[in-house]
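*Asks:* So here's structure.cif (mmCIF, C-alpha atoms and all ligand atoms).
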```
data_run
loop_
_atom_site.group_PDB
_atom_site.id
_atom_site.type_symbol
_atom_site.label_atom_id
_atom_site.label_comp_id
_atom_site.auth_asym_id
_atom_site.auth_seq_id
_atom_site.Cartn_x
_atom_site.Cartn_y
_atom_site.Cartn_z
ATOM 1 C CA MET V 251 92.396 85.183 110.686
ATOM 2 C CA ALA V 252 95.883 83.695 111.129
ATOM 3 C CA ALA V 253 98.069 85.184 113.876
ATOM 4 C CA ILE V 254 99.220 88.598 112.658
ATOM 5 C CA LYS V 255 102.918 89.031 111.819
ATOM 6 C CA VAL V 256 103.040 91.950 109.379
ATOM 7 C CA PHE V 257 101.475 95.398 109.038
ATOM 8 C CA ALA V 258 101.521 96.646 105.410
ATOM 9 C CA VAL V 259 101.135 100.410 105.646
ATOM 10 C CA ASP V 260 100.500 103.008 102.965
ATOM 11 C CA ILE V 261 102.258 106.362 103.355
ATOM 12 C CA ASP V 262 100.493 109.338 101.774
ATOM 13 C CA GLY V 263 97.139 109.991 103.394
ATOM 14 C CA THR V 264 97.650 107.087 105.807
ATOM 15 C CA LEU V 265 100.811 107.844 107.822
ATOM 16 C CA THR V 266 101.027 111.447 106.688
ATOM 17 C CA GLU V 267 98.813 114.203 108.038
ATOM 18 C CA ASN V 268 98.246 115.969 104.722
ATOM 19 C CA GLY V 269 99.058 116.124 101.059
ATOM 20 C CA GLY V 270 102.369 117.735 101.980
ATOM 21 C CA GLY V 271 103.773 114.539 103.474
ATOM 22 C CA ALA V 272 104.076 115.631 107.132
ATOM 23 C CA ILE V 273 104.187 112.467 109.266
ATOM 24 C CA HIS V 274 101.611 111.992 112.054
ATOM 25 C CA LEU V 275 104.097 111.406 114.871
ATOM 26 C CA ALA V 276 101.739 109.528 117.223
ATOM 27 C CA ALA V 277 101.028 107.026 114.437
ATOM 28 C CA LEU V 278 104.742 106.639 113.700
ATOM 29 C CA ALA V 279 105.401 106.001 117.400
ATOM 30 C CA LYS V 280 102.807 103.205 117.337
ATOM 31 C CA LEU V 281 104.412 101.653 114.256
ATOM 32 C CA ARG V 282 107.824 101.705 115.918
ATOM 33 C CA TYR V 283 106.298 100.113 119.041
ATOM 34 C CA LEU V 284 104.742 97.334 116.917
ATOM 35 C CA GLU V 285 108.193 96.679 115.468
ATOM 36 C CA ARG V 286 109.632 96.511 119.024
ATOM 37 C CA LEU V 287 106.944 93.941 119.889
ATOM 38 C CA GLY V 288 108.254 91.762 117.048
ATOM 39 C CA TYR V 289 105.779 92.593 114.273
ATOM 40 C CA ASN V 290 107.079 93.665 110.868
ATOM 41 C CA VAL V 291 105.887 97.072 109.689
ATOM 42 C CA VAL V 292 106.378 97.358 105.912
ATOM 43 C CA TYR V 293 105.639 100.501 103.906
ATOM 44 C CA VAL V 294 103.811 99.904 100.607
ATOM 45 C CA THR V 295 103.558 103.139 98.668
ATOM 46 C CA GLY V 296 103.300 104.970 95.365
ATOM 47 C CA ARG V 297 106.297 106.980 96.455
ATOM 48 C CA SER V 298 109.752 105.772 95.507
ATOM 49 C CA SER V 299 110.896 102.625 97.337
ATOM 50 C CA ILE V 300 113.976 104.581 98.411
ATOM 51 C CA GLU V 301 111.844 107.235 100.142
ATOM 52 C CA ALA V 302 109.963 104.432 101.910
ATOM 53 C CA TYR V 303 113.240 102.705 102.817
ATOM 54 C CA VAL V 304 114.655 105.895 104.326
ATOM 55 C CA LEU V 305 111.424 106.349 106.292
ATOM 56 C CA ALA V 306 111.809 102.779 107.594
ATOM 57 C CA VAL V 307 115.394 103.492 108.685
ATOM 58 C CA PHE V 308 114.646 106.743 110.509
ATOM 59 C CA GLY V 309 111.279 105.550 111.777
ATOM 60 C CA GLY V 310 112.694 102.300 113.176
ATOM 61 C CA THR V 311 110.586 99.821 111.192
ATOM 62 C CA THR V 312 111.373 96.874 108.871
ATOM 63 C CA ARG V 313 113.936 97.717 106.168
ATOM 64 C CA ILE V 314 112.039 96.167 103.293
ATOM 65 C CA ALA V 315 110.193 98.923 101.447
ATOM 66 C CA VAL V 316 107.712 98.459 98.607
ATOM 67 C CA GLY V 317 107.474 101.523 96.413
ATOM 68 C CA GLU V 318 106.444 102.639 92.950
ATOM 69 C CA ASN V 319 102.957 101.197 93.457
ATOM 70 C CA GLY V 320 104.451 97.723 93.830
ATOM 71 C CA GLY V 321 107.052 97.901 91.069
ATOM 72 C CA ALA V 322 110.152 98.272 93.234
ATOM 73 C CA ILE V 323 111.339 96.845 96.561
ATOM 74 C CA THR V 324 114.327 98.412 98.331
ATOM 75 C CA ILE V 325 116.144 96.322 100.944
ATOM 76 C CA ALA V 326 119.363 98.346 101.267
ATOM 77 C CA PRO V 327 120.737 101.642 99.922
ATOM 78 C CA GLN V 328 122.126 99.886 96.816
ATOM 79 C CA GLU V 329 119.815 96.868 96.718
ATOM 80 C CA HIS V 330 116.495 96.970 94.857
ATOM 81 C CA LYS V 331 114.272 94.263 93.453
ATOM 82 C CA LEU V 332 112.624 95.617 90.291
ATOM 83 C CA LEU V 333 109.347 94.008 89.269
ATOM 84 C CA ALA V 334 108.539 96.085 86.171
ATOM 85 C CA SER V 335 110.012 98.115 83.307
ATOM 86 C CA ARG V 336 109.979 101.903 83.373
ATOM 87 C CA GLU V 337 110.646 101.916 79.594
ATOM 88 C CA LYS V 338 107.343 100.171 78.955
ATOM 89 C CA CYS V 339 105.543 102.711 81.141
ATOM 90 C CA MET V 340 107.303 105.562 79.313
ATOM 91 C CA GLU V 341 105.788 104.253 76.054
ATOM 92 C CA GLY V 342 102.390 104.788 77.647
ATOM 93 C CA TYR V 343 103.368 108.286 78.755
ATOM 94 C CA GLU V 344 104.446 109.237 75.196
ATOM 95 C CA VAL V 345 101.121 107.987 73.794
ATOM 96 C CA LEU V 346 99.079 109.814 76.452
ATOM 97 C CA LYS V 347 101.032 113.040 75.957
ATOM 98 C CA LYS V 348 100.245 112.971 72.216
ATOM 99 C CA SER V 349 96.581 112.165 72.778
ATOM 100 C CA ILE V 350 95.452 114.313 75.751
ATOM 101 C CA ASP V 351 96.187 117.853 76.908
ATOM 102 C CA GLY V 352 97.694 118.340 80.365
ATOM 103 C CA VAL V 353 99.596 115.046 80.673
ATOM 104 C CA GLN V 354 102.685 115.963 82.684
ATOM 105 C CA ILE V 355 105.334 114.041 84.595
ATOM 106 C CA LYS V 356 105.067 114.813 88.353
ATOM 107 C CA PRO V 357 108.447 116.077 89.708
ATOM 108 C CA VAL V 358 108.898 113.260 92.244
ATOM 109 C CA PHE V 359 111.978 111.327 93.275
ATOM 110 C CA PRO V 360 113.382 109.178 90.415
ATOM 111 C CA ARG V 361 111.465 106.039 89.522
ATOM 112 C CA MET V 362 112.885 102.684 88.280
ATOM 113 C CA THR V 363 109.724 100.865 87.176
ATOM 114 C CA GLU V 364 106.836 103.265 86.644
ATOM 115 C CA VAL V 365 105.847 106.779 85.519
ATOM 116 C CA VAL V 366 104.248 109.280 87.924
ATOM 117 C CA LEU V 367 102.022 112.017 86.520
ATOM 118 C CA LEU V 368 100.309 115.113 87.825
ATOM 119 C CA ARG V 369 96.538 114.659 88.380
ATOM 120 C CA THR V 370 95.750 116.983 85.485
ATOM 121 C CA PHE V 371 93.659 114.945 83.049
ATOM 122 C CA ASP V 372 90.739 112.543 82.967
ATOM 123 C CA LEU V 373 92.027 109.196 84.201
ATOM 124 C CA LYS V 374 89.337 107.148 82.449
ATOM 125 C CA GLU V 375 90.090 108.854 79.130
ATOM 126 C CA GLY V 376 93.743 108.055 79.655
ATOM 127 C CA GLN V 377 93.022 104.421 80.386
ATOM 128 C CA LYS V 378 90.906 104.201 77.221
ATOM 129 C CA ILE V 379 93.791 105.485 75.131
ATOM 130 C CA LEU V 380 96.218 102.961 76.641
ATOM 131 C CA GLU V 381 93.733 100.176 75.785
ATOM 132 C CA GLU V 382 93.232 101.498 72.214
ATOM 133 C CA HIS V 383 96.994 101.293 71.730
ATOM 134 C CA ASN V 384 97.021 97.751 73.179
ATOM 135 C CA LEU V 385 99.575 98.795 75.774
ATOM 136 C CA PRO V 386 99.824 96.365 78.750
ATOM 137 C CA LEU V 387 99.658 99.288 81.152
ATOM 138 C CA TYR V 388 97.142 100.812 83.555
ATOM 139 C CA LEU V 389 96.582 104.175 85.221
ATOM 140 C CA SER V 390 95.730 104.537 88.930
ATOM 141 C CA ASP V 391 95.089 107.465 91.261
ATOM 142 C CA SER V 392 96.592 107.570 94.762
ATOM 143 C CA LYS V 393 95.005 111.020 95.255
ATOM 144 C CA TYR V 394 98.535 112.401 95.360
ATOM 145 C CA ALA V 395 99.517 111.354 91.874
ATOM 146 C CA PHE V 396 98.489 109.362 88.793
ATOM 147 C CA HIS V 397 100.635 106.299 88.147
ATOM 148 C CA ILE V 398 101.352 104.420 84.931
ATOM 149 C CA ASN V 399 102.283 100.848 85.901
ATOM 150 C CA GLU V 400 102.573 97.625 83.973
ATOM 151 C CA LYS V 401 99.397 95.537 84.137
ATOM 152 C CA GLY V 402 99.710 93.027 86.989
ATOM 153 C CA VAL V 403 102.140 95.215 88.910
ATOM 154 C CA ASP V 404 100.357 96.788 91.879
ATOM 155 C CA LYS V 405 100.713 97.070 95.650
ATOM 156 C CA GLY V 406 99.365 93.550 96.124
ATOM 157 C CA TYR V 407 101.998 92.116 93.771
ATOM 158 C CA GLY V 408 104.846 94.064 95.355
ATOM 159 C CA LEU V 409 103.692 93.267 98.895
ATOM 160 C CA ALA V 410 103.482 89.543 98.064
ATOM 161 C CA GLU V 411 107.147 89.661 96.954
ATOM 162 C CA ALA V 412 108.154 91.504 100.135
ATOM 163 C CA LEU V 413 106.306 88.980 102.302
ATOM 164 C CA LYS V 414 108.261 86.146 100.639
ATOM 165 C CA MET V 415 111.452 87.896 101.802
ATOM 166 C CA LEU V 416 110.003 88.001 105.342
ATOM 167 C CA LYS V 417 108.827 84.375 105.069
ATOM 168 C CA ALA V 418 105.408 85.690 106.045
ATOM 169 C CA ASP V 419 102.028 84.866 104.584
ATOM 170 C CA PRO V 420 99.502 87.430 103.279
ATOM 171 C CA GLU V 421 96.990 85.777 105.617
ATOM 172 C CA GLU V 422 99.186 86.929 108.530
ATOM 173 C CA THR V 423 99.231 90.487 107.234
ATOM 174 C CA VAL V 424 97.099 93.571 107.951
ATOM 175 C CA ALA V 425 96.889 96.118 105.101
ATOM 176 C CA ILE V 426 96.080 99.739 105.985
ATOM 177 C CA GLY V 427 95.504 102.405 103.315
ATOM 178 C CA ASP V 428 93.407 105.249 101.959
ATOM 179 C CA SER V 429 93.006 105.048 98.176
ATOM 180 C CA GLU V 430 92.269 102.812 95.178
ATOM 181 C CA THR V 431 95.945 101.909 94.860
ATOM 182 C CA ASP V 432 95.713 100.138 98.244
ATOM 183 C CA VAL V 433 92.829 97.865 97.184
ATOM 184 C CA PRO V 434 95.131 95.197 95.631
ATOM 185 C CA MET V 435 96.732 94.877 99.095
ATOM 186 C CA TYR V 436 93.318 94.481 100.676
ATOM 187 C CA GLY V 437 92.620 91.636 98.276
ATOM 188 C CA ILE V 438 95.496 89.434 99.439
ATOM 189 C CA CYS V 439 95.763 90.249 103.169
ATOM 190 C CA GLY V 440 94.063 88.520 106.100
ATOM 191 C CA CYS V 441 92.783 91.858 107.379
ATOM 192 C CA SER V 442 92.318 95.147 105.508
ATOM 193 C CA ILE V 443 91.511 98.574 106.924
ATOM 194 C CA ALA V 444 90.494 101.747 105.070
ATOM 195 C CA LEU V 445 90.847 105.215 106.571
ATOM 196 C CA GLY V 446 87.852 107.505 107.081
ATOM 197 C CA HIS V 447 88.593 109.839 104.146
ATOM 198 C CA ALA V 448 88.860 107.005 101.619
ATOM 199 C CA GLU V 449 86.314 106.895 98.773
ATOM 200 C CA GLU V 450 83.267 104.645 99.260
ATOM 201 C CA SER V 451 84.566 102.306 96.544
ATOM 202 C CA VAL V 452 87.736 101.773 98.611
ATOM 203 C CA LYS V 453 85.922 101.422 101.946
ATOM 204 C CA LYS V 454 83.668 98.755 100.429
ATOM 205 C CA LYS V 455 86.716 96.586 99.653
ATOM 206 C CA ALA V 456 88.101 96.771 103.226
ATOM 207 C CA ASP V 457 87.189 94.471 106.124
ATOM 208 C CA HIS V 458 87.049 97.454 108.449
ATOM 209 C CA VAL V 459 86.845 101.252 108.146
ATOM 210 C CA VAL V 460 88.093 103.656 110.808
ATOM 211 C CA ALA V 461 86.652 107.121 111.381
ATOM 212 C CA GLY V 462 89.928 108.989 111.458
ATOM 213 C CA SER V 463 91.863 110.321 108.465
ATOM 214 C CA GLU V 464 95.501 110.843 107.594
ATOM 215 C CA GLY V 465 97.680 109.710 110.467
ATOM 216 C CA ALA V 466 95.009 109.812 113.175
ATOM 217 C CA GLY V 467 93.161 107.120 111.201
ATOM 218 C CA LEU V 468 96.291 104.951 111.115
ATOM 219 C CA ALA V 469 96.673 105.283 114.902
ATOM 220 C CA GLU V 470 93.012 104.253 115.252
ATOM 221 C CA ALA V 471 93.530 101.306 112.902
ATOM 222 C CA ILE V 472 96.482 100.078 114.963
ATOM 223 C CA ASP V 473 94.385 100.261 118.137
ATOM 224 C CA TYR V 474 91.568 98.373 116.351
ATOM 225 C CA VAL V 475 93.966 95.572 115.391
ATOM 226 C CA ALA V 476 95.543 95.496 118.872
ATOM 227 C CA PHE V 477 92.162 95.158 120.621
ATOM 228 C CA ASN V 478 90.621 92.734 118.115
ATOM 229 C CA TYR V 479 93.501 90.596 116.883
ATOM 230 C CA LEU V 480 96.454 90.980 119.239
ATOM 231 C CA GLY V 481 94.652 90.254 122.490
ATOM 232 C CA VAL V 482 95.330 93.705 123.944
ATOM 233 C CA LYS V 483 92.726 94.542 126.571
ATOM 234 C CA LYS V 484 91.062 97.963 126.388
ATOM 235 C CA ALA V 485 91.719 100.014 129.553
ATOM 236 C CA GLN V 486 88.415 100.174 131.546
HETATM 237 O O1 LIG E 1 101.122 108.200 94.942
HETATM 238 C C1 LIG E 1 102.032 108.573 95.697
HETATM 239 O O2 LIG E 1 102.981 109.226 95.328
HETATM 240 C C2 LIG E 1 102.013 108.229 97.144
HETATM 241 O O3 LIG E 1 100.872 107.630 97.504
HETATM 242 P P1 LIG E 1 100.698 106.480 98.617
HETATM 243 O O4 LIG E 1 101.865 106.576 99.606
HETATM 244 O O5 LIG E 1 99.398 106.894 99.223
HETATM 245 O O6 LIG E 1 100.687 105.195 97.866
HETATM 246 MG MG MG E 2 97.730 106.732 100.188
#
```
The structure given in the file should be rewritten as structure tokens.
*Replies:*
Amino acid sequence: MAAIKVFAVDIDGTLTENGGGAIHLAALAKLRYLERLGYNVVYVTGRSSIEAYVLAVFGGTTRIAVGENGGAITIAPQEHKLLASREKCMEGYEVLKKSIDGVQIKPVFPRMTEVVLLRTFDLKEGQKILEEHNLPLYLSDSKYAFHINEKGVDKGYGLAEALKMLKADPEETVAIGDSETDVPMYGICGCSIALGHAEESVKKKADHVVAGSEGAGLAEAIDYVAFNYLGVKKAQ
């Protein structure tokens, strides 16, 4: 593993204590400390990139925020790098709405490159319908929402763009998350960690799994990296 420079951190279920979004403060304190030590802590989330950017500002971490499941990167209040088209994703939404009952937009903060839906229908059935209509889109489940994104646009793609801005390499990056939407990050990073409540299919794709969940699991993951990759000695 190359020397670590960046921590790519998911938000919901990883930094937050519950589905309601409450931040695990001990984990946030550790992230801010990592930033003080000179590491870059970058949020990579299905939330809006603006929410993640604001969290980075108030939390004291790197002000490059990957949101919308990799479709949007916010680097300043008025500066966003858009990696996908919301219009194309809206086409998929219109098709799904006509084909399946219960397809509803989730009332989240505005999105620039994707569509966010309530988890109120069968995801596999939805994906089948997108394929039947030859739409270059895919559905994913962060456990907090369903996302319609353009094929090829995922957290790994968005993180890779953010790392270019930091002049950092994926090999020098640790990815920490809790759901299937984090797996594309695992695939490109030098070290990947899944939290304890993640599904087996997600844990299998990670280099390491911690016991703790939501927030506490992130704090445990940071300790794991510190002791195993940053040369920090465990107190005897
Ligand atoms: O899907 C969302 O809205 C948020 O999920 P994430 O922060 O776990 O990616
Ligand atoms: Mg998550």
*Asks:* Please identify every polymer residue within 6 Å of ligand LIG 1 (chain E), using all atoms listed in the file, and present the set as a list of chain:residue names.
*Replies:*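 For ligand LIG 1 (chain E), the residues inside 6 Å are V:Asp260, V:Ile261, V:Asp262, V:Gly263, V:Thr295, V:Gly296, V:Arg297, V:Ser392, V:Tyr394, V:Ala395.
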*Asks:* Counting all atoms listed in the file, find residues at most 8 Å from (106.8, 89.3, 110.8) (file frame) and give them as a PyMOL selection string.
*Replies:* chain V and resi 254-256+288-291+416-418
*Asks:* Using all atoms listed in the file, can you tell me which of V:Leu305, V:Val460, V:Val433, V:Val259 comes closest to V:Leu445?
*Replies:*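 For V:Leu445, the nearest of the given residues is V:Val460.
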*Asks:* Step by step, work through what the PyMOL selection byres (((chain V and resi 266) around 12) and not hetatm) selects in the shown file, and finish by giving those residues as a ChimeraX atom specification.
*Replies:* /V:259-265,267-278,295,305,394,427-428,445,463-469
*Asks:* When you count all atoms listed in the file, which of these residues is closest to V:Asp473: V:Met415, V:Ala485, V:Ile300, V:Ala253?
*Replies:*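 Using all atoms listed in the file, the shortest distance to V:Asp473 belongs to V:Ala485.
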*Asks:* V:Asp432, V:Thr370, V:Lys348, V:Gly321: which is nearest V:Gly402, counting only C-alpha atoms?
*Replies:*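 Selected residue with least distance to V:Gly402: V:Gly321.
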